[in-house]
>>> print(open('start-v9.txt').read())   # compact mmCIF, C-alpha atoms
# COMPACT_ATOMS: atom_id res chain seq x y z
CA MET A 603 -35.63 8.42 -12.26
CA ALA A 604 -32.15 8.60 -10.77
CA LEU A 605 -33.18 7.33 -7.34
CA GLY A 606 -34.86 4.25 -8.78
CA ASN A 607 -31.83 2.98 -10.66
CA ARG A 608 -31.11 -0.53 -9.48
CA TYR A 609 -27.59 -0.62 -10.89
CA LYS A 610 -24.70 0.99 -9.08
CA THR A 611 -22.11 2.87 -11.06
CA ALA A 612 -18.45 2.22 -10.35
CA PRO A 613 -17.64 5.92 -9.72
CA GLY A 614 -20.70 6.32 -7.51
CA ALA A 615 -19.94 3.25 -5.41
CA GLY A 616 -16.28 4.22 -5.03
CA THR A 617 -17.18 7.76 -4.01
CA LEU A 618 -19.66 6.45 -1.45
CA ALA A 619 -16.97 4.16 -0.01
CA ALA A 620 -14.55 7.11 0.20
CA LEU A 621 -17.18 9.22 1.94
CA ILE A 622 -17.86 6.49 4.50
CA LEU A 623 -14.12 5.98 5.11
CA VAL A 624 -13.60 9.70 5.72
CA LEU A 625 -16.73 10.16 7.85
CA VAL A 626 -16.19 7.12 10.07
CA PHE A 627 -12.43 6.73 10.35
CA GLY A 628 -11.63 10.44 9.99
CA SER A 629 -13.94 11.37 12.85
CA PRO A 630 -12.42 12.86 16.02
CA TRP A 631 -13.78 9.96 18.06
CA TYR A 632 -12.05 7.29 15.98
CA ALA A 633 -8.82 9.31 15.70
CA ASP A 634 -8.67 9.74 19.49
CA TRP A 635 -9.41 6.04 20.02
CA ALA A 636 -6.70 5.00 17.55
CA LEU A 637 -4.09 7.25 19.20
CA GLU A 638 -4.89 6.03 22.71
CA ASN A 639 -5.47 2.32 22.09
CA THR A 640 -3.09 1.24 19.34
CA ASP A 641 0.64 0.67 19.21
CA PRO A 642 2.28 2.42 16.24
CA ASP A 643 5.14 -0.10 16.31
CA THR A 644 2.88 -2.96 15.20
CA ALA A 645 1.45 -3.41 11.72
CA GLY A 646 -2.14 -3.45 12.94
CA GLY A 647 -1.71 -0.38 15.11
CA TRP A 648 0.02 1.48 12.31
CA TRP A 649 -2.79 0.64 9.88
CA LEU A 650 -5.54 1.60 12.35
CA ARG A 651 -3.82 4.96 12.86
CA LEU A 652 -3.40 5.38 9.11
CA LEU A 653 -7.17 5.01 8.66
CA ALA A 654 -7.58 8.28 10.58
CA TRP A 655 -5.30 10.25 8.23
CA PRO A 656 -7.95 12.47 6.56
CA HIS A 657 -9.24 13.49 9.97
CA TRP A 658 -11.74 16.25 10.37
CA SER A 659 -12.72 18.14 13.48
CA PHE A 660 -15.11 20.79 14.64
CA ASP A 661 -13.65 21.50 18.08
CA SER A 662 -9.94 22.00 18.51
CA ASP A 663 -7.34 24.09 20.29
CA ASP A 664 -5.41 24.50 17.03
CA PRO A 665 -5.57 27.76 15.08
CA LEU A 666 -8.80 28.10 13.10
CA ARG A 667 -6.93 28.13 9.81
CA ASP A 668 -5.27 24.77 10.52
CA VAL A 669 -8.62 23.25 11.55
CA ILE A 670 -10.20 24.45 8.30
CA VAL A 671 -7.29 23.02 6.30
CA GLY A 672 -7.72 19.65 8.02
CA ASP A 673 -11.40 19.67 7.17
CA LEU A 674 -10.60 20.79 3.63
CA LYS A 675 -8.24 17.83 3.25
CA ALA A 676 -10.99 15.41 4.25
CA ILE A 677 -13.45 17.03 1.85
CA LEU A 678 -10.93 17.08 -0.98
CA VAL A 679 -10.20 13.36 -0.55
CA VAL A 680 -13.85 12.56 -1.27
CA VAL A 681 -14.27 15.10 -4.08
CA MET A 682 -11.03 14.11 -5.79
CA THR A 683 -11.89 10.43 -5.47
CA ALA A 684 -15.08 11.12 -7.42
CA LEU A 685 -13.14 13.17 -9.97
CA PHE A 686 -10.47 10.53 -10.53
CA LEU A 687 -13.03 7.72 -10.68
CA PHE A 688 -14.76 9.57 -13.50
CA LEU A 689 -11.46 10.34 -15.25
CA LEU A 690 -9.86 6.90 -14.99
CA PRO A 691 -11.22 4.83 -17.86
CA GLY A 692 -11.00 1.42 -16.18
CA SER A 693 -14.13 1.90 -14.12
CA GLN A 694 -16.21 3.25 -16.99
CA LEU A 695 -14.96 1.46 -20.07
CA ALA A 696 -14.69 -2.07 -18.76
CA ARG A 697 -16.48 -4.42 -21.15
CA ALA A 698 -18.01 -6.44 -18.36
CA ARG A 699 -18.95 -5.59 -14.82
CA GLY A 700 -16.62 -6.92 -12.17
CA THR A 701 -13.40 -6.82 -14.15
CA ILE A 702 -10.12 -6.30 -12.37
CA SER A 703 -9.62 -2.97 -14.17
CA GLN A 704 -12.46 -1.50 -12.09
CA PHE A 705 -10.71 -2.61 -8.91
CA PHE A 706 -7.40 -1.06 -9.90
CA ALA A 707 -9.07 2.12 -11.18
CA GLY A 708 -10.81 2.59 -7.83
CA TRP A 709 -7.62 1.89 -5.92
CA ALA A 710 -5.57 4.25 -8.10
CA ALA A 711 -8.21 6.97 -7.82
CA TYR A 712 -7.89 6.86 -4.02
CA VAL A 713 -4.09 6.99 -4.17
CA PHE A 714 -4.22 10.03 -6.45
CA ALA A 715 -6.99 11.65 -4.40
CA GLY A 716 -5.04 11.27 -1.15
CA GLY A 717 -1.87 12.70 -2.63
CA PHE A 718 -3.46 15.64 -4.42
CA ALA A 719 -5.81 16.48 -1.53
CA ALA A 720 -2.89 16.68 0.88
CA LEU A 721 -0.81 18.70 -1.58
CA LEU A 722 -3.57 21.25 -2.18
CA ALA A 723 -4.63 21.50 1.46
CA THR A 724 -1.05 22.10 2.60
CA LEU A 725 -0.85 25.21 0.47
CA PHE A 726 -3.50 26.81 2.71
CA LEU A 727 -1.70 26.18 6.02
CA SER A 728 -0.64 29.18 8.08
CA ASN A 729 3.04 28.55 7.25
CA PRO A 730 3.18 26.58 3.96
CA SER A 731 6.39 25.33 2.39
CA LEU A 732 7.16 23.35 -0.72
CA LEU A 733 8.87 20.63 1.30
CA GLY A 734 5.86 20.43 3.61
CA ALA A 735 3.55 20.10 0.61
CA PHE A 736 5.67 17.28 -0.83
CA ARG A 737 5.75 15.45 2.51
CA ALA A 738 1.99 15.83 2.88
CA ALA A 739 1.43 14.53 -0.65
CA GLY A 740 3.60 11.52 0.19
CA SER A 741 1.59 10.78 3.32
CA GLY A 742 -1.66 11.18 1.37
CA ALA A 743 -0.46 8.78 -1.32
CA GLU A 744 0.65 6.36 1.40
CA TYR A 745 -2.85 6.52 2.88
CA GLY A 746 -4.37 5.89 -0.55
CA LEU A 747 -2.05 2.97 -1.23
CA PHE A 748 -2.86 1.11 1.97
CA VAL A 749 -6.56 2.03 2.26
CA GLY A 750 -7.54 2.48 -1.39
CA TRP A 751 -8.17 -1.21 -1.95
CA ILE A 752 -11.44 -0.69 -0.05
CA VAL A 753 -12.53 1.88 -2.65
CA GLY A 754 -11.33 -0.53 -5.35
CA LEU A 755 -13.54 -3.29 -3.95
CA ALA A 756 -16.50 -0.91 -3.81
CA SER A 757 -15.93 0.05 -7.46
CA LEU A 758 -15.73 -3.58 -8.51
CA GLY A 759 -18.88 -4.74 -10.21
CA GLY A 760 -20.27 -1.29 -10.83
CA TRP A 761 -22.15 -0.48 -13.99
CA ARG A 762 -20.00 1.40 -16.46
CA GLY A 763 -22.50 4.22 -16.84
CA THR A 764 -24.15 3.43 -20.21
CA ARG A 765 -26.86 0.93 -21.07
>>> encode(input="start-v9.txt", output="structure tokens")
Amino acid sequence: MALGNRYKTAPGAGTLAALILVLVFGSPWYADWALENTDPDTAGGWWLRLLAWPHWSFDSDDPLRDVIVGDLKAILVVVMTALFLFLLPGSQLARARGTISQFFAGWAAYVFAGGFAALLATLFLSNPSLLGAFRAAGSGAEYGLFVGWIVGLASLGGWRGTR
């Protein structure tokens, strides 16, 4: 029975961490709080604002297409994190649970997921450009680099998927 499994898999734990990061820190409430209460010229304020990068919304004055693209970016971050966690061999092929390769595979998966999610979502904006897509991919990879260690920690110690 899948629900009764007492072992966590590295891809499953990393995907769950990515989902929680996007749901909590990408929420409109957190994003508004971070913009109003943090100073972007300090390291802590910059990082707290960066946590809100894959923001999602359901009520906005922006054009509907841009709102959908923002939501698509948040969804793609989670989906692509799962995809890259399954594709990167460190989380699945580690000989023992808790090896450092699982940590780096989870971290790298989030960097790749952030970059590719931003790149793909930018193509659906109302006025897409190649330069805009490259800039968005850079900001997504930046988000993954500075926040992905959380996904790496969640992936650490996960079962590799076979018994």
>>> closest_residue(input="start-v9.txt", among="A:Ala645, A:Val669, A:Leu725, A:Ala620", to="Met682 of chain A", atoms="all atoms listed in the file")
A:Ala620
>>> residues_around(input="start-v9.txt", residues="segment 630-642 of chain A", least_positions_apart="3", cutoff="9 Å", atoms="only C-alpha atoms", output="list in words")
Val626, Phe627, Ala645, Gly646, Gly647, Trp648, Trp649, Leu650, Arg651, Leu653, Ala654, Trp655, His657, Trp658, Ser659, Phe660 and Asp661 of chain A
>>> residues_around(input="start-v9.txt", residues="segment 739-744 of chain A", least_positions_apart="5", cutoff="10 Å", atoms="only C-alpha atoms", output="list in words")
Leu652, Trp655, Pro656, Lys675, Val679, Ala710, Tyr712, Val713, Phe714, Ala715, Gly716, Gly717, Phe718, Ala719, Ala720, Leu721, Leu722, Ala723, Thr724, Leu733, Gly734, Val749 and Gly750 of chain A
>>> atom_distance(input="start-v9.txt", atom1="atom CA of Gly754 of chain A", atom2="atom CA of Trp709 of chain A")
4.5 Å
>>> atom_distance(input="start-v9.txt", atom1="atom CA of Ala711 of chain A", atom2="atom CA of Ile677 of chain A")
14.9 Å
>>> atom_distance(input="start-v9.txt", atom1="atom CA of Thr617 of chain A", atom2="atom CA of Ile752 of chain A")
11.0 Å
>>> closest_residue(input="start-v9.txt", among="A:Gly628, A:Gly708, A:Pro730, A:Pro691", to="Asp668 of chain A", atoms="all atoms listed in the file")
A:Pro730
>>> closest_residue(input="start-v9.txt", among="A:Leu758, A:Leu618, A:Val671, A:Ala676", to="Asn729 of chain A", atoms="only C-alpha atoms")
A:Val671
>>> closest_residue(input="start-v9.txt", among="A:Ala756, A:Tyr745, A:Thr611, A:Leu625", to="Val680 of chain A", atoms="all atoms listed in the file")
A:Leu625
>>> closest_residue(input="start-v9.txt", among="A:Phe748, A:Phe726, A:Ser757, A:Phe705", to="Ala684 of chain A", atoms="only C-alpha atoms")
A:Ser757
>>> closest_residue(input="start-v9.txt", among="A:Thr644, A:Ser629, A:Phe706, A:Leu685", to="Asp673 of chain A", atoms="all atoms listed in the file")
A:Ser629
